[in-house]
file upload.txt (compact mmCIF, C-alpha atoms)
# COMPACT_ATOMS: atom_id res chain seq x y z
CA MET A 1 14.25 42.98 -103.84
CA ARG A 2 16.28 42.82 -100.64
CA ALA A 3 16.06 40.05 -98.05
CA LEU A 4 17.67 39.79 -94.62
CA VAL A 5 18.21 36.24 -93.33
CA THR A 6 19.15 35.93 -89.66
CA GLY A 7 21.01 32.74 -88.79
CA ASP A 8 22.06 32.32 -92.42
CA ARG A 9 24.88 29.90 -91.55
CA GLY A 10 22.47 27.49 -89.85
CA PHE A 11 20.56 24.62 -91.41
CA LEU A 12 17.40 26.53 -92.30
CA GLY A 13 19.12 29.84 -92.94
CA ARG A 14 21.54 28.36 -95.49
CA HIS A 15 18.68 26.89 -97.48
CA PHE A 16 16.61 30.07 -97.33
CA ALA A 17 19.54 32.22 -98.45
CA ALA A 18 20.22 29.91 -101.40
CA GLU A 19 16.56 29.78 -102.48
CA LEU A 20 16.04 33.53 -102.17
CA LYS A 21 19.13 34.18 -104.27
CA ARG A 22 17.79 31.73 -106.85
CA ARG A 23 14.56 33.75 -106.89
CA GLY A 24 16.45 36.95 -107.60
CA TYR A 25 16.69 38.52 -104.14
CA GLU A 26 19.70 40.47 -102.96
CA VAL A 27 20.36 38.49 -99.77
CA HIS A 28 22.18 39.72 -96.68
CA GLY A 29 22.89 37.33 -93.81
CA LEU A 30 23.68 37.65 -90.11
CA ASP A 31 25.06 34.78 -88.04
CA VAL A 32 27.34 34.49 -85.03
CA LYS A 33 28.89 31.44 -86.72
CA ALA A 34 30.49 33.88 -89.16
CA SER A 35 31.70 36.27 -86.46
CA PRO A 36 30.52 37.51 -83.04
CA ALA A 37 30.06 40.88 -84.74
CA GLN A 38 27.45 39.21 -86.95
CA ASP A 39 25.11 38.58 -84.02
CA CYS A 40 21.78 39.83 -85.36
CA ARG A 41 21.05 41.45 -82.00
CA ALA A 42 24.07 43.72 -82.44
CA TYR A 43 22.70 44.72 -85.84
CA PHE A 44 19.23 45.42 -84.41
CA ARG A 45 20.64 47.53 -81.55
CA ASP A 46 22.94 49.46 -83.87
CA CYS A 47 20.07 50.23 -86.24
CA LEU A 48 17.86 51.45 -83.41
CA SER A 49 20.60 53.60 -81.91
CA LYS A 50 21.42 55.23 -85.26
CA GLY A 51 17.87 55.29 -86.57
CA ALA A 52 16.61 52.33 -88.58
CA VAL A 53 15.76 53.05 -92.21
CA PRO A 54 12.09 52.11 -92.76
CA GLY A 55 11.45 49.87 -95.75
CA LEU A 56 15.09 48.90 -96.32
CA TRP A 57 14.18 45.20 -96.40
CA ASP A 58 11.45 43.66 -98.53
CA LEU A 59 11.61 40.41 -96.54
CA VAL A 60 13.13 39.38 -93.22
CA VAL A 61 13.50 35.62 -92.71
CA HIS A 62 14.17 35.15 -89.00
CA CYS A 63 15.97 31.82 -88.50
CA ALA A 64 18.43 32.89 -85.78
CA ALA A 65 17.97 30.79 -82.64
CA ILE A 66 19.84 28.67 -80.13
CA VAL A 67 20.04 25.17 -81.59
CA GLY A 68 21.19 21.81 -80.32
CA GLY A 69 18.37 19.32 -80.65
CA ARG A 70 16.59 17.41 -77.91
CA GLU A 71 19.64 17.20 -75.66
CA THR A 72 19.80 21.01 -75.43
CA ILE A 73 16.01 21.39 -74.99
CA ASP A 74 15.99 18.94 -72.08
CA GLY A 75 19.48 19.44 -70.67
CA ASP A 76 20.09 23.18 -71.00
CA PRO A 77 16.71 24.94 -71.02
CA LEU A 78 18.20 28.35 -70.25
CA ALA A 79 20.21 28.12 -73.45
CA THR A 80 17.02 27.70 -75.46
CA ALA A 81 15.51 30.63 -73.54
CA GLU A 82 18.11 32.86 -75.17
CA SER A 83 16.12 32.46 -78.39
CA LEU A 84 13.46 34.61 -76.75
CA SER A 85 16.00 37.42 -76.39
CA ILE A 86 16.85 37.11 -80.08
CA ASP A 87 13.18 37.17 -81.06
CA ALA A 88 12.31 40.09 -78.80
CA GLU A 89 15.06 42.28 -80.23
CA MET A 90 14.12 41.37 -83.78
CA PHE A 91 10.46 42.28 -83.27
CA ARG A 92 11.34 45.55 -81.53
CA TRP A 93 13.64 46.47 -84.43
CA ALA A 94 11.04 45.45 -87.03
CA ALA A 95 8.47 47.78 -85.46
CA VAL A 96 10.81 50.67 -86.32
CA ALA A 97 12.50 49.35 -89.49
CA ARG A 98 9.12 48.27 -90.95
CA PRO A 99 10.24 45.64 -93.48
CA GLY A 100 7.87 44.54 -96.22
CA ARG A 101 7.27 41.25 -94.39
CA VAL A 102 8.72 39.25 -91.51
CA LEU A 103 8.77 35.45 -91.79
CA TYR A 104 8.93 34.11 -88.23
CA PHE A 105 9.79 30.52 -87.42
CA SER A 106 7.81 29.22 -84.49
CA SER A 107 7.84 25.46 -83.87
CA SER A 108 5.68 22.41 -83.37
CA ALA A 109 7.04 22.60 -79.80
CA ALA A 110 4.51 25.40 -79.25
CA TYR A 111 1.69 22.85 -79.19
CA PRO A 112 0.27 21.68 -75.84
CA MET A 113 2.02 18.63 -74.40
CA GLY A 114 -1.36 17.14 -73.57
CA TYR A 115 -2.03 16.63 -77.28
CA GLN A 116 1.22 14.71 -77.84
CA THR A 117 0.71 11.61 -75.71
CA LEU A 118 -0.05 7.92 -76.19
CA TRP A 119 -3.74 8.91 -76.12
CA SER A 120 -3.10 11.10 -79.18
CA ALA A 121 -1.15 8.30 -80.86
CA ARG A 122 -3.96 5.77 -80.39
CA ARG A 123 -6.42 8.18 -82.00
CA GLY A 124 -4.07 9.31 -84.75
CA TYR A 125 -4.52 12.91 -83.66
CA ARG A 126 -3.07 15.60 -85.89
CA LEU A 127 -2.12 18.92 -84.33
CA ARG A 128 -4.15 21.78 -85.81
CA GLU A 129 -3.15 25.42 -85.83
CA ASP A 130 -6.00 26.40 -83.49
CA ASP A 131 -4.72 23.97 -80.84
CA VAL A 132 -2.45 26.86 -79.77
CA ASP A 133 -4.62 29.49 -78.10
CA LEU A 134 -2.56 32.56 -77.28
CA ALA A 135 -5.32 33.81 -74.96
CA VAL A 136 -5.25 30.66 -72.81
CA VAL A 137 -1.88 28.98 -73.29
CA GLN A 138 -1.59 25.31 -72.36
CA GLN A 139 1.77 23.76 -71.41
CA PRO A 140 4.01 23.66 -74.52
CA ASP A 141 7.16 21.57 -74.87
CA HIS A 142 9.62 22.76 -72.22
CA VAL A 143 11.22 26.24 -72.11
CA TYR A 144 11.85 26.05 -75.85
CA GLY A 145 8.14 25.68 -76.51
CA TRP A 146 7.34 28.60 -74.19
CA SER A 147 9.84 30.79 -76.06
CA LYS A 148 8.09 30.02 -79.34
CA VAL A 149 4.63 30.72 -77.92
CA THR A 150 5.95 34.05 -76.67
CA GLY A 151 7.48 34.72 -80.08
CA GLU A 152 4.07 34.19 -81.65
CA MET A 153 2.59 36.69 -79.18
CA LEU A 154 5.24 39.22 -80.18
CA ALA A 155 4.50 38.52 -83.85
CA ALA A 156 0.84 39.34 -83.20
CA GLN A 157 1.83 42.60 -81.53
CA LEU A 158 4.08 43.55 -84.46
CA ARG A 159 1.26 42.78 -86.89
CA ARG A 160 -0.96 45.22 -85.01
CA THR A 161 1.53 48.01 -85.83
CA GLY A 162 0.91 47.38 -89.52
CA VAL A 163 4.01 45.28 -90.31
CA PRO A 164 3.01 42.08 -92.15
CA VAL A 165 4.15 38.95 -90.29
CA THR A 166 3.98 35.32 -91.39
CA VAL A 167 4.22 32.67 -88.66
CA VAL A 168 5.01 29.07 -89.58
CA ARG A 169 5.31 26.04 -87.32
CA PRO A 170 7.70 23.49 -88.83
CA PHE A 171 7.53 19.93 -87.57
CA SER A 172 10.54 17.61 -87.82
CA GLY A 173 12.56 19.21 -90.59
CA TYR A 174 15.42 17.16 -91.98
CA GLY A 175 18.07 17.12 -94.69
CA GLU A 176 21.45 15.69 -95.55
CA ASP A 177 23.36 18.75 -94.32
CA GLN A 178 21.62 19.07 -90.96
CA ASP A 179 23.68 19.20 -87.76
CA ASP A 180 24.23 15.77 -86.18
CA THR A 181 22.74 16.93 -82.88
CA TYR A 182 19.38 16.34 -84.59
CA PRO A 183 17.99 12.80 -84.88
CA PHE A 184 17.75 12.43 -88.64
CA ARG A 185 21.40 13.25 -89.24
CA ALA A 186 22.56 11.39 -86.12
CA ILE A 187 20.87 8.16 -87.22
CA LEU A 188 22.00 8.74 -90.80
CA GLU A 189 25.66 8.87 -89.73
CA ARG A 190 25.27 5.60 -87.80
CA VAL A 191 23.78 4.02 -90.90
CA ARG A 192 26.63 5.32 -93.05
CA ARG A 193 29.01 3.56 -90.64
CA ARG A 194 26.77 0.48 -90.96
CA GLU A 195 26.49 0.18 -87.20
CA ASP A 196 24.87 -2.98 -85.87
CA PRO A 197 23.09 -2.70 -83.53
CA LEU A 198 21.71 0.61 -84.85
CA GLU A 199 20.94 2.87 -81.90
CA VAL A 200 17.96 5.21 -81.56
CA TRP A 201 17.27 7.40 -78.54
CA GLY A 202 14.37 6.65 -76.21
CA SER A 203 12.11 3.67 -76.77
CA GLY A 204 12.22 4.17 -80.52
CA ASP A 205 8.42 4.29 -80.53
CA GLN A 206 8.25 8.10 -80.45
CA VAL A 207 6.40 9.33 -83.53
CA ARG A 208 7.36 12.36 -85.60
CA ASP A 209 6.19 14.11 -88.76
CA TRP A 210 9.27 14.42 -90.99
CA ILE A 211 9.38 17.16 -93.63
CA HIS A 212 12.32 17.78 -95.95
CA VAL A 213 14.09 21.13 -95.70
CA ASP A 214 13.28 21.87 -99.36
CA ASP A 215 9.59 21.65 -98.49
CA VAL A 216 10.07 23.73 -95.34
CA VAL A 217 11.65 26.51 -97.39
CA ALA A 218 9.26 26.37 -100.33
CA GLY A 219 6.24 25.96 -98.05
CA ALA A 220 7.20 28.86 -95.80
CA LEU A 221 7.79 31.17 -98.76
CA ALA A 222 4.48 30.14 -100.33
CA VAL A 223 2.67 30.95 -97.08
CA ALA A 224 4.48 34.30 -96.86
CA GLU A 225 3.61 35.16 -100.45
CA ALA A 226 -0.05 34.34 -99.78
CA GLY A 227 -0.02 36.94 -97.00
CA THR A 228 -2.12 34.96 -94.54
CA ALA A 229 -2.06 36.31 -90.99
CA GLU A 230 -2.74 33.00 -89.24
CA PRO A 231 0.03 30.56 -88.21
CA VAL A 232 0.50 27.64 -90.59
CA ASN A 233 1.92 24.17 -89.95
CA LEU A 234 4.76 22.96 -92.15
CA CYS A 235 4.25 19.21 -92.06
CA THR A 236 3.16 16.15 -94.05
CA GLY A 237 0.67 14.54 -91.67
CA ARG A 238 2.56 11.24 -92.00
CA PRO A 239 3.44 9.53 -88.68
CA THR A 240 6.79 7.72 -88.53
CA THR A 241 8.45 6.22 -85.45
CA PHE A 242 12.17 6.48 -84.83
CA ARG A 243 12.40 2.70 -85.24
CA GLU A 244 10.73 2.98 -88.64
CA LEU A 245 13.00 5.83 -89.66
CA ALA A 246 16.11 3.86 -88.70
CA ARG A 247 14.84 0.78 -90.53
CA MET A 248 14.06 2.80 -93.66
CA MET A 249 17.56 4.26 -93.63
CA ALA A 250 19.22 0.89 -93.13
CA THR A 251 17.16 -0.69 -95.91
CA ALA A 252 18.09 2.14 -98.27
CA ALA A 253 21.75 1.60 -97.34
CA GLY A 254 21.44 -2.13 -98.03
CA TYR A 255 21.84 -3.78 -94.64
CA ASP A 256 19.65 -5.25 -91.90
CA PRO A 257 20.83 -4.27 -88.39
CA GLN A 258 19.19 -4.83 -85.04
CA ILE A 259 17.47 -1.63 -83.92
CA LYS A 260 18.61 -0.85 -80.38
CA PRO A 261 16.63 1.67 -78.29
CA LEU A 262 18.44 3.78 -75.69
CA PRO A 263 15.79 4.48 -73.01
CA GLY A 264 18.12 6.67 -70.95
CA ARG A 265 18.64 9.24 -73.68
CA PRO A 266 16.41 12.32 -74.28
CA ALA A 267 13.37 11.28 -76.26
CA GLY A 268 10.88 14.15 -76.23
CA VAL A 269 7.14 13.69 -76.56
CA MET A 270 5.61 10.39 -77.64
CA TYR A 271 3.58 11.61 -80.60
CA ARG A 272 3.88 14.77 -82.68
CA VAL A 273 2.13 14.81 -86.04
CA GLY A 274 0.69 17.88 -87.76
CA ASP A 275 -2.45 18.49 -89.74
CA PRO A 276 -1.30 19.80 -93.17
CA ALA A 277 -4.78 20.89 -94.33
CA LEU A 278 -4.11 24.61 -94.01
CA MET A 279 -0.63 24.33 -95.50
CA THR A 280 -1.96 22.57 -98.59
CA ARG A 281 -3.99 25.66 -99.49
CA PHE A 282 -0.65 27.26 -100.29
CA TYR A 283 1.79 24.42 -100.89
CA ARG A 284 1.97 20.62 -101.01
CA PRO A 285 5.16 18.85 -99.88
CA ARG A 286 7.05 17.26 -102.77
CA VAL A 287 9.78 15.19 -101.12
CA ARG A 288 8.64 11.83 -99.75
CA LEU A 289 10.53 10.61 -96.70
CA GLU A 290 11.86 7.60 -98.65
CA ASP A 291 13.23 9.92 -101.34
CA GLY A 292 14.72 12.28 -98.77
CA ILE A 293 16.52 9.36 -97.15
CA ARG A 294 17.91 8.13 -100.48
CA ARG A 295 19.04 11.65 -101.30
CA ALA A 296 20.81 11.93 -97.95
CA LEU A 297 22.52 8.59 -98.44
CA ASN A 298 23.30 9.41 -102.08
CA VAL A 299 21.79 6.15 -103.33
CA ALA A 300 19.55 5.65 -106.37
call {"tool": "encode", "arguments": {"input": "upload.txt", "output": "structure tokens"}}
result
Amino acid sequence: MRALVTGDRGFLGRHFAAELKRRGYEVHGLDVKASPAQDCRAYFRDCLSKGAVPGLWDLVVHCAAIVGGRETIDGDPLATAESLSIDAEMFRWAAVARPGRVLYFSSSAAYPMGYQTLWSARRGYRLREDDVDLAVVQQPDHVYGWSKVTGEMLAAQLRRTGVPVTVVRPFSGYGEDQDDTYPFRAILERVRRREDPLEVWGSGDQVRDWIHVDDVVAGALAVAEAGTAEPVNLCTGRPTTFRELARMMATAAGYDPQIKPLPGRPAGVMYRVGDPALMTRFYRPRVRLEDGIRRALNVA
């Protein structure tokens, strides 16, 4: 079996490439971090110009995207819009190359902002897959969210051509080798330095649904293997504030700092927690947040 992983040098792509190899796939990766010539868009254009070979790939895992965390989403929205270009060229290529299946990574940012407020927090609302209506789109999270909604629309169009497409919506994925522009790793590094006060961006009361990268990978592949055509959340349904996350990390590291919020820094929405009911038909997360933190800190 042959798998193509776009963005294979990134956080998700690295883990997918490793897991697919473990499962016996012949894995090929494309990533601009390796070389500008490895831009997946150059590959897609070259294939189309020369004539793509239908059925060459059994699985395409599309992880390539512009990354940079909340600071990029809020501070450089046109950079995140470039992800739409990457997605559009991949879907156009896939319509001709006709891989066995495309695994497309959307995002929890595709969900309407109106469902991610203090009102949602007070009611413990969990975002359900049908909260995104591609026929009547409500305001998603910034340009990044719009790009993911559009990617889901393109996925639906590709599916209509007969190419199987799996769409997953990961929530706050984390892991020890994540880039430090993302909050889990950024706070983790402050804890490793035993900073006191321990800073968190925003009020610290923002709530997220943290899911370990191992569960993101295994969950996404389980959904793909099931062949379902509907988007599926990758989440735990467990709400955790940034203050709580920082405190859990500090406790695991064995110290008791003051938690210091930074209200002037990008904070994102107030409340983003997913409903895992559909996901659990295919896969149940195995890594508890406490265990993921201990693993990242390399403590027993």
call {"tool": "residues_around", "arguments": {"input": "upload.txt", "residues": "Glu152 (chain A)", "least_positions_apart": "5", "cutoff": "9 Å", "atoms": "all atoms listed in the file", "output": "ChimeraX atom specification"}}
result
/A:104-106,134,147,157,167,231
call {"tool": "atom_distance", "arguments": {"input": "upload.txt", "atom1": "CA of Val61 (chain A)", "atom2": "CA of Ala3 (chain A)"}}
result
7.4 Å
call {"tool": "closest_residue", "arguments": {"input": "upload.txt", "among": "A:Asp256, A:Asp31, A:Glu290, A:Asp214", "to": "Ala18 (chain A)", "atoms": "all atoms listed in the file"}}
result
A:Asp214
call {"tool": "residues_around", "arguments": {"input": "upload.txt", "residues": "region 185-201 of chain A", "least_positions_apart": "4", "cutoff": "8 Å", "atoms": "all atoms listed in the file", "output": "compact mmCIF listing (two decimals) with C-alpha atoms, in the coordinates of the input"}}
result
# COMPACT_ATOMS: atom_id res chain seq x y z
CA TYR A 174 15.42 17.16 -91.98
CA GLY A 175 18.07 17.12 -94.69
CA GLU A 176 21.45 15.69 -95.55
CA ASP A 177 23.36 18.75 -94.32
CA GLN A 178 21.62 19.07 -90.96
CA ASP A 179 23.68 19.20 -87.76
CA ASP A 180 24.23 15.77 -86.18
CA THR A 181 22.74 16.93 -82.88
CA PHE A 242 12.17 6.48 -84.83
CA ARG A 243 12.40 2.70 -85.24
CA ALA A 246 16.11 3.86 -88.70
CA MET A 249 17.56 4.26 -93.63
CA ALA A 250 19.22 0.89 -93.13
CA ALA A 253 21.75 1.60 -97.34
CA TYR A 255 21.84 -3.78 -94.64
CA PRO A 257 20.83 -4.27 -88.39
CA GLN A 258 19.19 -4.83 -85.04
CA ILE A 259 17.47 -1.63 -83.92
CA LYS A 260 18.61 -0.85 -80.38
CA PRO A 261 16.63 1.67 -78.29
CA LEU A 262 18.44 3.78 -75.69
CA PRO A 263 15.79 4.48 -73.01
CA GLY A 264 18.12 6.67 -70.95
CA ARG A 265 18.64 9.24 -73.68
CA PRO A 266 16.41 12.32 -74.28
CA ALA A 267 13.37 11.28 -76.26
CA ALA A 296 20.81 11.93 -97.95
CA LEU A 297 22.52 8.59 -98.44
call {"tool": "atom_distance", "arguments": {"input": "upload.txt", "atom1": "CA of His28 (chain A)", "atom2": "CA of Asn233 (chain A)"}}
result
26.4 Å
call {"tool": "residues_around", "arguments": {"input": "upload.txt", "residues": "region 268-284 of chain A", "least_positions_apart": "5", "cutoff": "6 Å", "atoms": "all atoms listed in the file", "output": "ChimeraX atom specification"}}
result
/A:116-117,121,126-128,206-209,219,222-223,235-237
call {"tool": "closest_residue", "arguments": {"input": "upload.txt", "among": "A:His142, A:Ile66, A:Arg23, A:Leu12", "to": "Pro170 (chain A)", "atoms": "all atoms listed in the file"}}
result
A:Leu12
call {"tool": "closest_atom_pairs", "arguments": {"input": "upload.txt", "of": "region 135-198 of chain A", "to": "region 34-58 of chain A", "cutoff": "12 Å", "atoms": "only C-alpha atoms", "output": "Markdown table"}}
result
| residue | atom | partner | partner_atom | distance |
| --- | --- | --- | --- | --- |
| A:Val163 | CA | A:Gly55 | CA | 10.3 |
| A:Pro164 | CA | A:Asp58 | CA | 10.7 |
| A:Val165 | CA | A:Asp58 | CA | 12.0 |
call {"tool": "closest_residue", "arguments": {"input": "upload.txt", "among": "A:Arg98, A:Lys33, A:Gly24, A:Gly7", "to": "Leu158 (chain A)", "atoms": "all atoms listed in the file"}}
result
A:Arg98
call {"tool": "atom_distance", "arguments": {"input": "upload.txt", "atom1": "CA of Thr240 (chain A)", "atom2": "CA of Gly292 (chain A)"}}
result
13.7 Å
call {"tool": "closest_residue", "arguments": {"input": "upload.txt", "among": "A:Val287, A:Ala109, A:Ala135, A:Ala252", "to": "Val216 (chain A)", "atoms": "all atoms listed in the file"}}
result
A:Val287
call {"tool": "axis_aligned_box", "arguments": {"input": "upload.txt", "around": "region 128-139 of chain A", "padding_each_side": "5 Å", "output": "AutoDock Vina command-line options"}}
result
--center_x -2.1 --center_y 27.8 --center_z -78.6 --size_x 17.8 --size_y 22.0 --size_z 24.4
call {"tool": "build_atoms", "arguments": {"input": "upload.txt", "residues": "region 197-219 of chain A", "atoms": "N, CA, C and O atoms", "output": "PDB file, keeping the file's coordinate frame"}}
result
ATOM      1  N   PRO A 197      24.445  -3.237 -83.472  1.00  0.00           N
ATOM      2  CA  PRO A 197      23.090  -2.700 -83.530  1.00  0.00           C
ATOM      3  C   PRO A 197      23.064  -1.203 -83.903  1.00  0.00           C
ATOM      4  O   PRO A 197      24.031  -0.488 -83.678  1.00  0.00           O
ATOM      5  N   LEU A 198      21.937  -0.775 -84.451  1.00  0.00           N
ATOM      6  CA  LEU A 198      21.710   0.610 -84.850  1.00  0.00           C
ATOM      7  C   LEU A 198      20.911   1.289 -83.743  1.00  0.00           C
ATOM      8  O   LEU A 198      19.764   0.924 -83.485  1.00  0.00           O
ATOM      9  N   GLU A 199      21.543   2.262 -83.089  1.00  0.00           N
ATOM     10  CA  GLU A 199      20.940   2.870 -81.900  1.00  0.00           C
ATOM     11  C   GLU A 199      19.986   4.014 -82.266  1.00  0.00           C
ATOM     12  O   GLU A 199      20.259   4.808 -83.163  1.00  0.00           O
ATOM     13  N   VAL A 200      18.877   4.065 -81.507  1.00  0.00           N
ATOM     14  CA  VAL A 200      17.960   5.210 -81.560  1.00  0.00           C
ATOM     15  C   VAL A 200      17.662   5.616 -80.124  1.00  0.00           C
ATOM     16  O   VAL A 200      17.588   4.784 -79.231  1.00  0.00           O
ATOM     17  N   TRP A 201      17.516   6.898 -79.894  1.00  0.00           N
ATOM     18  CA  TRP A 201      17.270   7.400 -78.540  1.00  0.00           C
ATOM     19  C   TRP A 201      15.837   7.101 -78.099  1.00  0.00           C
ATOM     20  O   TRP A 201      14.909   7.046 -78.917  1.00  0.00           O
ATOM     21  N   GLY A 202      15.681   6.931 -76.780  1.00  0.00           N
ATOM     22  CA  GLY A 202      14.370   6.650 -76.210  1.00  0.00           C
ATOM     23  C   GLY A 202      13.945   5.224 -76.518  1.00  0.00           C
ATOM     24  O   GLY A 202      14.767   4.333 -76.780  1.00  0.00           O
ATOM     25  N   SER A 203      12.642   5.005 -76.494  1.00  0.00           N
ATOM     26  CA  SER A 203      12.110   3.670 -76.770  1.00  0.00           C
ATOM     27  C   SER A 203      12.164   3.336 -78.250  1.00  0.00           C
ATOM     28  O   SER A 203      12.072   2.163 -78.633  1.00  0.00           O
ATOM     29  N   GLY A 204      12.288   4.367 -79.074  1.00  0.00           N
ATOM     30  CA  GLY A 204      12.220   4.170 -80.520  1.00  0.00           C
ATOM     31  C   GLY A 204      10.801   4.218 -81.047  1.00  0.00           C
ATOM     32  O   GLY A 204      10.579   4.219 -82.257  1.00  0.00           O
ATOM     33  N   ASP A 205       9.831   4.254 -80.126  1.00  0.00           N
ATOM     34  CA  ASP A 205       8.420   4.290 -80.530  1.00  0.00           C
ATOM     35  C   ASP A 205       7.875   5.701 -80.611  1.00  0.00           C
ATOM     36  O   ASP A 205       6.697   5.891 -80.937  1.00  0.00           O
ATOM     37  N   GLN A 206       8.707   6.716 -80.308  1.00  0.00           N
ATOM     38  CA  GLN A 206       8.250   8.100 -80.450  1.00  0.00           C
ATOM     39  C   GLN A 206       7.943   8.356 -81.933  1.00  0.00           C
ATOM     40  O   GLN A 206       8.686   7.935 -82.812  1.00  0.00           O
ATOM     41  N   VAL A 207       6.862   9.077 -82.166  1.00  0.00           N
ATOM     42  CA  VAL A 207       6.400   9.330 -83.530  1.00  0.00           C
ATOM     43  C   VAL A 207       6.642  10.788 -83.887  1.00  0.00           C
ATOM     44  O   VAL A 207       6.377  11.697 -83.096  1.00  0.00           O
ATOM     45  N   ARG A 208       7.141  11.010 -85.109  1.00  0.00           N
ATOM     46  CA  ARG A 208       7.360  12.360 -85.600  1.00  0.00           C
ATOM     47  C   ARG A 208       6.821  12.500 -87.026  1.00  0.00           C
ATOM     48  O   ARG A 208       6.577  11.513 -87.720  1.00  0.00           O
ATOM     49  N   ASP A 209       6.673  13.741 -87.427  1.00  0.00           N
ATOM     50  CA  ASP A 209       6.190  14.110 -88.760  1.00  0.00           C
ATOM     51  C   ASP A 209       7.370  14.752 -89.482  1.00  0.00           C
ATOM     52  O   ASP A 209       7.704  15.906 -89.260  1.00  0.00           O
ATOM     53  N   TRP A 210       8.025  13.985 -90.363  1.00  0.00           N
ATOM     54  CA  TRP A 210       9.270  14.420 -90.990  1.00  0.00           C
ATOM     55  C   TRP A 210       8.967  15.179 -92.282  1.00  0.00           C
ATOM     56  O   TRP A 210       8.218  14.710 -93.132  1.00  0.00           O
ATOM     57  N   ILE A 211       9.565  16.344 -92.428  1.00  0.00           N
ATOM     58  CA  ILE A 211       9.380  17.160 -93.630  1.00  0.00           C
ATOM     59  C   ILE A 211      10.736  17.643 -94.113  1.00  0.00           C
ATOM     60  O   ILE A 211      11.533  18.182 -93.330  1.00  0.00           O
ATOM     61  N   HIS A 212      11.005  17.440 -95.387  1.00  0.00           N
ATOM     62  CA  HIS A 212      12.320  17.780 -95.950  1.00  0.00           C
ATOM     63  C   HIS A 212      12.522  19.289 -95.946  1.00  0.00           C
ATOM     64  O   HIS A 212      11.585  20.070 -96.143  1.00  0.00           O
ATOM     65  N   VAL A 213      13.771  19.702 -95.765  1.00  0.00           N
ATOM     66  CA  VAL A 213      14.090  21.130 -95.700  1.00  0.00           C
ATOM     67  C   VAL A 213      13.674  21.871 -96.968  1.00  0.00           C
ATOM     68  O   VAL A 213      13.264  23.035 -96.907  1.00  0.00           O
ATOM     69  N   ASP A 214      13.729  21.211 -98.122  1.00  0.00           N
ATOM     70  CA  ASP A 214      13.280  21.870 -99.360  1.00  0.00           C
ATOM     71  C   ASP A 214      11.810  22.244 -99.266  1.00  0.00           C
ATOM     72  O   ASP A 214      11.389  23.306 -99.754  1.00  0.00           O
ATOM     73  N   ASP A 215      11.016  21.371 -98.649  1.00  0.00           N
ATOM     74  CA  ASP A 215       9.590  21.650 -98.490  1.00  0.00           C
ATOM     75  C   ASP A 215       9.339  22.679 -97.392  1.00  0.00           C
ATOM     76  O   ASP A 215       8.384  23.457 -97.472  1.00  0.00           O
ATOM     77  N   VAL A 216      10.183  22.691 -96.375  1.00  0.00           N
ATOM     78  CA  VAL A 216      10.070  23.730 -95.340  1.00  0.00           C
ATOM     79  C   VAL A 216      10.274  25.099 -95.970  1.00  0.00           C
ATOM     80  O   VAL A 216       9.495  26.037 -95.756  1.00  0.00           O
ATOM     81  N   VAL A 217      11.327  25.225 -96.766  1.00  0.00           N
ATOM     82  CA  VAL A 217      11.650  26.510 -97.390  1.00  0.00           C
ATOM     83  C   VAL A 217      10.568  26.920 -98.384  1.00  0.00           C
ATOM     84  O   VAL A 217      10.025  28.031 -98.327  1.00  0.00           O
ATOM     85  N   ALA A 218      10.249  26.032 -99.306  1.00  0.00           N
ATOM     86  CA  ALA A 218       9.260  26.370-100.330  1.00  0.00           C
ATOM     87  C   ALA A 218       7.886  26.601 -99.712  1.00  0.00           C
ATOM     88  O   ALA A 218       7.150  27.511-100.120  1.00  0.00           O
ATOM     89  N   GLY A 219       7.532  25.793 -98.709  1.00  0.00           N
ATOM     90  CA  GLY A 219       6.240  25.960 -98.050  1.00  0.00           C
ATOM     91  C   GLY A 219       6.149  27.269 -97.297  1.00  0.00           C
ATOM     92  O   GLY A 219       5.139  27.977 -97.381  1.00  0.00           O
TER      93      GLY A 219
END
